[in-house]
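Student: I have a structure here, written as structure tokens, and I will follow up with some questions on it.
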Amino acid sequence: MSSLEPARVRRVAVVGGTRIPFARSDGPYATASNQEMLTAALDGLAERYGLQEPGAVGEFVAGAVLKHSRDFNLARETLLGSVLDPRTPAYDIQQACGTGLQAVIAAANKIALGQTESAVAGGADTASDAPLGVNDRLRRILLQARRAKSAGDRLKALAAIRPGHLVPDIPRNAEPRTGLSMGEHAAVTARAWGITRRAQDELAAASHQRLAAAYERGFFQDLVIPFRGLARDQNLRPGSTPEKLAALKPVFGLDHPDPTMTAGNSTPLTDGAATVLLAGEEWAAARGLTPLAYLTAYETAAVDFVAGDVAGGEDGLLMAPAYAVPRMLERAGLGIEDFDLIEIHEAFASQVLATLAAWEKRGLAPVDRAKLNVAGSSLATGHPFAATGARIVATLAALLAERGGPGRGLISICAAGGQGVTAILERT
């Protein structure tokens, strides 16, 4: 009887990434599907890194949060419509806003264990083309009609349809367990941690200014490809300042005095797609490709945002990274001070600031703001849910490579359902 020897764990290289510019919902990409956007990003990656030949990519992993029924096999259908070898396997993954990073982790695990030499991970989402579900009462009537044994019984079932049954079910940005939107949950957390309006507006303005500066110096030349007339992220406002943002009216937490969260310090609904190329070192070397960085650790966590310490801020909907990052750093033997760059997904400015405060409460050193989201983040780029993780991985890897020499970067992403996905990238 033979047995398989334990696999040697290999380093996983982030070779590069490609995304389309992110657009505000109901704008330039209003008629673009998840598949169309993801295909554009994937083809851009394939062209940039010469992935068209048979067998070039071992696997494609991607997902979307807002999916039509036609998107049930999104990754595979995207691949079949791309320039990649149609013999490349693909599968979907979904963990709300953590989808893109979880796709990277799933692909990285297979590379690390030698199950594949290379993989592409990514995600896409369109808030413009959100699926509209059949009203549940109408759905039940139609199912009853389908089960009918005679034409008479079928007509009897259909006769129960009323005008109100024709109103579609529209996706809501609300947690099923609480009925509160993500913004309302974030407002509760902001109050619990005493996050001020001024601090939120300052962080939001910095995100726009840093993203604008990165575009101006050509940083995104190898990361962003034009799509449907856009060459830059549409939400970018280079002239943003705390003073201008202070003029906006609050939109969340209006049931309490002195609400602080506005459209300016919250991420807008966005359409877009992003991809990342991952590989083993031998694969990259054989193709003359220099890794930007290496994925060395990752951690996920979840909080009880329904019955936990929500009012106290400990278990707010978007606070899972406050637990995931300390666990990951302890396992890696690192502290916040050991990182050169830190990327925190900016779902809301208040959520970023609450996370920073929670890390300090859990014994981590204060984050040097000069290291935080140095090329802007979601408040400026926008946030197509499943694409954000891939965007951040590719951006951070490129930033580390740009610095030259050894370096280390931290990724922290919060997600709906009270979850968080985090990772570490390194250059040696």
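Going through the structure tokens in order, the chains are called A, B, and so on, while each chain numbers its residues from 1 and the ligands are numbered from 1 in the order shown.
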Report as an NGL selection string all protein, DNA and RNA residues lying within 9 Å of A:Ala106, evaluated on only C-alpha atoms, omitting residues in the same chain fewer than 6 positions from it.

Tutor: :A and (61 or 93 or 121)

Student: Given only C-alpha atoms, how would the per-residue table for stretch 310-357 of chain A near stretch 196-201 of chain A read, listing every residue at most 9 Å away with its closest atom pair and distance in Å to one decimal, sorted by chain and number, as a tab-separated table?

Tutor:
```
residue	atom	partner	partner_atom	distance
A:Phe348	CA	A:Gln200	CA	8.3
A:Ala349	CA	A:Gln200	CA	5.0
A:Ser350	CA	A:Gln200	CA	5.8
A:Val352	CA	A:Gln200	CA	8.8
A:Leu353	CA	A:Gln200	CA	7.6
```

Student: How about saving the chosen residues, C-alpha atoms kept, as a compact mmCIF listing (two decimals), in the first residue's frame?

Tutor:
```txt
# COMPACT_ATOMS: atom_id res chain seq x y z
CA PHE A 348 -16.92 53.71 6.09
CA ALA A 349 -14.43 56.14 7.57
CA SER A 350 -15.97 55.48 10.98
CA VAL A 352 -11.68 52.27 9.82
CA LEU A 353 -11.24 54.54 12.84
```

Student: Using only C-alpha atoms, what does the table of stretch 133-228 of chain A residues within 12 Å of stretch 291-308 of chain A look like, with each row giving the shortest atom pair and its distance in Å to one decimal, sorted by chain and ascending number, as a Markdown table?

Tutor:
```
| residue | atom | partner | partner_atom | distance |
| --- | --- | --- | --- | --- |
| A:Glu175 | CA | A:Val306 | CA | 9.8 |
| A:Pro176 | CA | A:Val306 | CA | 10.4 |
| A:Arg177 | CA | A:Val306 | CA | 6.9 |
| A:Thr178 | CA | A:Val306 | CA | 6.9 |
| A:Gly179 | CA | A:Val306 | CA | 10.6 |
| A:Leu180 | CA | A:Val306 | CA | 10.7 |
| A:Met182 | CA | A:Phe305 | CA | 11.4 |
| A:His185 | CA | A:Phe305 | CA | 9.0 |
| A:Ala186 | CA | A:Phe305 | CA | 11.2 |
| A:Val188 | CA | A:Phe305 | CA | 11.1 |
| A:Thr189 | CA | A:Phe305 | CA | 10.6 |
```

Student: Any idea what's packed within 12 Å of A:Met328, counting only C-alpha atoms, ignoring anything in its chain fewer than 6 positions away? Could you give it as a PDB file with C-alpha atoms, in the first residue's frame?

Tutor:
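Saved result, around_12.pdb, follows:
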```
ATOM      1  CA  THR A 296       2.561  34.776   3.893  1.00  0.00           C
ATOM      2  CA  ALA A 297      -0.384  34.682   6.311  1.00  0.00           C
ATOM      3  CA  TYR A 298      -4.140  35.114   6.472  1.00  0.00           C
ATOM      4  CA  GLU A 299      -6.878  34.934   9.052  1.00  0.00           C
ATOM      5  CA  THR A 300     -10.663  35.174   9.170  1.00  0.00           C
ATOM      6  CA  ALA A 301     -12.964  36.002  12.063  1.00  0.00           C
ATOM      7  CA  PRO A 321     -10.942  42.445  11.785  1.00  0.00           C
ATOM      8  CA  ALA A 322     -10.419  43.765  15.332  1.00  0.00           C
ATOM      9  CA  LEU A 334       4.604  40.294  14.567  1.00  0.00           C
ATOM     10  CA  GLY A 335       3.309  43.627  15.818  1.00  0.00           C
ATOM     11  CA  ILE A 336       1.724  46.533  13.985  1.00  0.00           C
ATOM     12  CA  LEU A 364      -1.423  46.578  19.378  1.00  0.00           C
ATOM     13  CA  LEU A 410      -1.118  44.212   6.262  1.00  0.00           C
ATOM     14  CA  ILE A 411      -4.594  43.819   4.731  1.00  0.00           C
ATOM     15  CA  SER A 412      -7.810  44.152   6.755  1.00  0.00           C
ATOM     16  CA  GLY A 420     -13.529  39.848   8.557  1.00  0.00           C
ATOM     17  CA  VAL A 421     -10.760  38.638   6.253  1.00  0.00           C
ATOM     18  CA  THR A 422      -7.131  39.664   6.794  1.00  0.00           C
ATOM     19  CA  ALA A 423      -3.756  38.849   5.267  1.00  0.00           C
ATOM     20  CA  ILE A 424      -0.054  39.672   5.217  1.00  0.00           C
TER      21      ILE A 424
END
```

Student: Give the answer as one residue: which of A:His256, A:Arg427, A:His208, A:Arg369 has the shortest atom-to-atom distance to A:Asp233, using only C-alpha atoms?

Tutor: A:His208

Student: Using only C-alpha atoms, can you tell me which of A:Glu202, A:Leu84, A:Gly58, A:Ile195 comes closest to A:Ala46?

Tutor: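 Of all the options, A:Leu84 lies closest to A:Ala46.
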
Student: Find the residue from A:Ile161, A:Thr270, A:Gly122, A:Ala390 that sits nearest to A:Ile141; use only C-alpha atoms when measuring.

Tutor: A:Ile161

Student: Just to confirm, what's the straight-line distance from atom CA of A:Ala75 to atom CA of A:Thr267 in Å (one decimal)?

Tutor: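 Between these atoms lies a distance of 25.7 Å.
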
Student: Please provide the set of residues having any atom within 10 Å of A:Thr126, restricted to only C-alpha atoms, with same-chain residues fewer than 6 positions apart removed, written as a list in words.

Tutor: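 Contacts, with the query itself left out: Phe22, Ala23, Arg24, Ser25, Asp26, Tyr29, Ala30, Thr31, Ala32, Ser33, Asn34, Gln35, Met37, Ala64, Val65, Leu66, Lys67, Leu269, Thr270, Asp271, Gly272, Ala273, His383, Pro384, Phe385, Ala386 and Ala387 of chain A.
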
Student: Have a look at atom CA of A:Asn173 and atom CA of A:Cys97 and let me know their distance in Å, one decimal.

Tutor: 12.3 Å

Student: Looking only at the backbone, which of the residues in stretch 227-392 of chain A does DSSP tag as strand (DSSP E or B), as a VMD selection string?

Tutor: chain A and resid 227 230 250 to 252 261 to 262 266 270 to 280 293 to 302 341 to 344 348 372

Student: For a test of reading the model, state the distance in Å between atom CA of A:Pro366 and atom CA of A:Asp338, rounded to one decimal.

Tutor: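 Separating atom CA of A:Pro366 from atom CA of A:Asp338 is a distance of 11.7 Å.
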
Student: What are the closest atom pairs, with distances in Å to one decimal, for all residues of stretch 208-286 of chain A lying within 12 Å of stretch 399-407 of chain A? Consider only C-alpha atoms, order rows by chain and residue number, and present the result as a Markdown table.

Tutor:
```
| residue | atom | partner | partner_atom | distance |
| --- | --- | --- | --- | --- |
| A:Ala214 | CA | A:Leu399 | CA | 10.2 |
| A:Arg217 | CA | A:Glu402 | CA | 11.9 |
| A:Gly218 | CA | A:Glu402 | CA | 11.6 |
| A:Phe219 | CA | A:Leu399 | CA | 8.5 |
| A:Phe220 | CA | A:Leu399 | CA | 10.2 |
| A:Asp222 | CA | A:Leu399 | CA | 11.8 |
| A:Leu223 | CA | A:Leu399 | CA | 11.2 |
```

Student: Check the smallest atom-to-atom distance from each of A:Ala205, A:Ala354, A:Ala375, A:Asp340 to A:Gly409 using only C-alpha atoms, then report the winner.

Tutor: A:Asp340

Student: Considering only C-alpha atoms, return as a PyMOL selection string whatever protein or nucleic-acid residues lie within 10 Å of A:Glu346, sequence-local ones (same chain, fewer than 2 positions apart) excluded.

Tutor: chain A and resi 203-204+207+265-267+343-344+348-353+373+376-383+388+412-414

Student: Given the choices A:Asp315, A:Lys249, A:Thr275, A:Gly264, which gets closest to A:Thr78 if the distance is worked out from only C-alpha atoms?

Tutor: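 Ranking A:Asp315, A:Lys249, A:Thr275, A:Gly264 by distance to A:Thr78, first place goes to A:Thr275.
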
Student: Would you mind writing down, as a ChimeraX atom specification, each residue of stretch 210-333 of chain A that DSSP on the backbone assigns to helix (DSSP H, G or I)?

Tutor: /A:210-216,219-222,242-245,281-286,321-332

Student: Go ahead and save the residues from that selection, with N, CA and C atoms, as an mmCIF file, in the first residue's frame.

Tutor:
```
data_model
loop_
_atom_site.group_PDB
_atom_site.id
_atom_site.type_symbol
_atom_site.label_atom_id
_atom_site.label_comp_id
_atom_site.auth_asym_id
_atom_site.auth_seq_id
_atom_site.Cartn_x
_atom_site.Cartn_y
_atom_site.Cartn_z
ATOM 1 N N ARG A 210 -4.853 60.945 -1.787
ATOM 2 C CA ARG A 210 -3.801 59.960 -2.021
ATOM 3 C C ARG A 210 -4.056 59.150 -3.285
ATOM 4 N N LEU A 211 -5.313 58.834 -3.560
ATOM 5 C CA LEU A 211 -5.621 58.132 -4.807
ATOM 6 C C LEU A 211 -5.290 59.020 -5.998
ATOM 7 N N ALA A 212 -5.656 60.288 -5.924
ATOM 8 C CA ALA A 212 -5.360 61.222 -7.010
ATOM 9 C C ALA A 212 -3.854 61.326 -7.237
ATOM 10 N N ALA A 213 -3.084 61.420 -6.160
ATOM 11 C CA ALA A 213 -1.631 61.524 -6.281
ATOM 12 C C ALA A 213 -1.036 60.260 -6.902
ATOM 13 N N ALA A 214 -1.592 59.092 -6.556
ATOM 14 C CA ALA A 214 -1.092 57.839 -7.125
ATOM 15 C C ALA A 214 -1.351 57.782 -8.626
ATOM 16 N N TYR A 215 -2.524 58.247 -9.050
ATOM 17 C CA TYR A 215 -2.800 58.296 -10.489
ATOM 18 C C TYR A 215 -1.853 59.268 -11.180
ATOM 19 N N GLU A 216 -1.626 60.402 -10.573
ATOM 20 C CA GLU A 216 -0.786 61.430 -11.200
ATOM 21 C C GLU A 216 0.649 60.953 -11.396
ATOM 22 N N PHE A 219 1.209 55.443 -10.911
ATOM 23 C CA PHE A 219 1.257 54.195 -10.154
ATOM 24 C C PHE A 219 0.305 53.142 -10.716
ATOM 25 N N PHE A 220 -0.863 53.554 -11.180
ATOM 26 C CA PHE A 220 -1.873 52.589 -11.620
ATOM 27 C C PHE A 220 -1.743 52.197 -13.096
ATOM 28 N N GLN A 221 -0.683 52.621 -13.748
ATOM 29 C CA GLN A 221 -0.519 52.327 -15.170
ATOM 30 C C GLN A 221 -0.545 50.829 -15.460
ATOM 31 N N ASP A 222 0.032 50.036 -14.574
ATOM 32 C CA ASP A 222 0.075 48.588 -14.773
ATOM 33 C C ASP A 222 -1.041 47.862 -14.039
ATOM 34 N N PRO A 242 -11.458 68.181 4.144
ATOM 35 C CA PRO A 242 -12.365 68.033 5.284
ATOM 36 C C PRO A 242 -13.412 69.146 5.324
ATOM 37 N N GLU A 243 -13.027 70.334 4.909
ATOM 38 C CA GLU A 243 -13.954 71.460 4.940
ATOM 39 C C GLU A 243 -15.103 71.261 3.950
ATOM 40 N N LYS A 244 -14.785 70.789 2.744
ATOM 41 C CA LYS A 244 -15.841 70.535 1.756
ATOM 42 C C LYS A 244 -16.748 69.388 2.211
ATOM 43 N N LEU A 245 -16.152 68.334 2.767
ATOM 44 C CA LEU A 245 -16.945 67.199 3.227
ATOM 45 C C LEU A 245 -17.821 67.579 4.417
ATOM 46 N N GLU A 281 7.048 30.233 -7.157
ATOM 47 C CA GLU A 281 8.248 30.945 -7.615
ATOM 48 C C GLU A 281 8.824 30.341 -8.894
ATOM 49 N N GLU A 282 8.783 29.020 -9.020
ATOM 50 C CA GLU A 282 9.339 28.377 -10.207
ATOM 51 C C GLU A 282 8.565 28.756 -11.459
ATOM 52 N N TRP A 283 7.242 28.808 -11.341
ATOM 53 C CA TRP A 283 6.392 29.179 -12.471
ATOM 54 C C TRP A 283 6.721 30.585 -12.933
ATOM 55 N N ALA A 284 6.830 31.506 -11.975
ATOM 56 C CA ALA A 284 7.129 32.895 -12.315
ATOM 57 C C ALA A 284 8.510 33.016 -12.956
ATOM 58 N N ALA A 285 9.492 32.339 -12.385
ATOM 59 C CA ALA A 285 10.857 32.418 -12.911
ATOM 60 C C ALA A 285 10.933 31.871 -14.324
ATOM 61 N N ALA A 286 10.204 30.797 -14.607
ATOM 62 C CA ALA A 286 10.231 30.190 -15.931
ATOM 63 C C ALA A 286 9.675 31.123 -16.991
ATOM 64 N N PRO A 321 -12.400 42.297 11.905
ATOM 65 C CA PRO A 321 -10.942 42.445 11.785
ATOM 66 C C PRO A 321 -10.256 42.834 13.089
ATOM 67 N N ALA A 322 -11.005 43.419 14.038
ATOM 68 C CA ALA A 322 -10.419 43.765 15.332
ATOM 69 C C ALA A 322 -9.995 42.518 16.092
ATOM 70 N N TYR A 323 -10.569 41.369 15.728
ATOM 71 C CA TYR A 323 -10.186 40.098 16.328
ATOM 72 C C TYR A 323 -9.237 39.309 15.415
ATOM 73 N N ALA A 324 -9.488 39.361 14.113
ATOM 74 C CA ALA A 324 -8.684 38.573 13.169
ATOM 75 C C ALA A 324 -7.233 39.032 13.134
ATOM 76 N N VAL A 325 -7.015 40.347 13.087
ATOM 77 C CA VAL A 325 -5.644 40.852 12.958
ATOM 78 C C VAL A 325 -4.786 40.522 14.177
ATOM 79 N N PRO A 326 -5.231 40.782 15.410
ATOM 80 C CA PRO A 326 -4.396 40.388 16.549
ATOM 81 C C PRO A 326 -4.069 38.901 16.576
ATOM 82 N N ARG A 327 -5.039 38.049 16.214
ATOM 83 C CA ARG A 327 -4.778 36.612 16.170
ATOM 84 C C ARG A 327 -3.716 36.279 15.142
ATOM 85 N N MET A 328 -3.845 36.885 13.960
ATOM 86 C CA MET A 328 -2.892 36.627 12.878
ATOM 87 C C MET A 328 -1.494 37.101 13.256
ATOM 88 N N LEU A 329 -1.414 38.280 13.854
ATOM 89 C CA LEU A 329 -0.108 38.811 14.221
ATOM 90 C C LEU A 329 0.542 37.981 15.323
ATOM 91 N N GLU A 330 -0.255 37.505 16.262
ATOM 92 C CA GLU A 330 0.304 36.653 17.317
ATOM 93 C C GLU A 330 0.858 35.365 16.724
ATOM 94 N N ARG A 331 0.124 34.795 15.790
ATOM 95 C CA ARG A 331 0.585 33.567 15.139
ATOM 96 C C ARG A 331 1.856 33.800 14.343
ATOM 97 N N ALA A 332 1.962 34.983 13.736
ATOM 98 C CA ALA A 332 3.134 35.292 12.916
ATOM 99 C C ALA A 332 4.287 35.870 13.729
#
```

Student: Which residues, written as JSON, numbers by chain, have at least one atom at most 8 Å from A:Gly312, with only C-alpha atoms counted and residues fewer than 2 positions away on the same chain left out?

Tutor: {"A": [189, 192, 193, 309, 310, 314, 315]}

Student: Could you save those same residues with N, CA and C atoms as a JSON list (two decimals), in the first residue's frame?

Tutor:
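Final output, saved to selection39.json:
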```
[["chain", "number", "residue", "atom", "x", "y", "z"],
["A", 189, "THR", "N", -21.68, 51.61, 15.82],
["A", 189, "THR", "CA", -20.28, 51.41, 16.21],
["A", 189, "THR", "C", -19.56, 52.74, 16.37],
["A", 192, "ALA", "N", -20.39, 54.15, 19.65],
["A", 192, "ALA", "CA", -19.79, 53.37, 20.74],
["A", 192, "ALA", "C", -18.32, 53.72, 20.94],
["A", 193, "TRP", "N", -17.62, 53.98, 19.84],
["A", 193, "TRP", "CA", -16.19, 54.28, 19.93],
["A", 193, "TRP", "C", -15.90, 55.77, 19.96],
["A", 309, "ASP", "N", -21.84, 42.16, 22.13],
["A", 309, "ASP", "CA", -21.68, 43.50, 22.69],
["A", 309, "ASP", "C", -21.66, 44.52, 21.56],
["A", 310, "VAL", "N", -22.82, 44.77, 20.99],
["A", 310, "VAL", "CA", -22.94, 45.69, 19.86],
["A", 310, "VAL", "C", -22.92, 47.13, 20.34],
["A", 314, "GLU", "N", -17.81, 46.34, 20.71],
["A", 314, "GLU", "CA", -16.93, 45.19, 20.56],
["A", 314, "GLU", "C", -17.37, 44.26, 19.43],
["A", 315, "ASP", "N", -18.66, 44.10, 19.26],
["A", 315, "ASP", "CA", -19.18, 43.16, 18.27],
["A", 315, "ASP", "C", -20.02, 43.86, 17.20]]
```
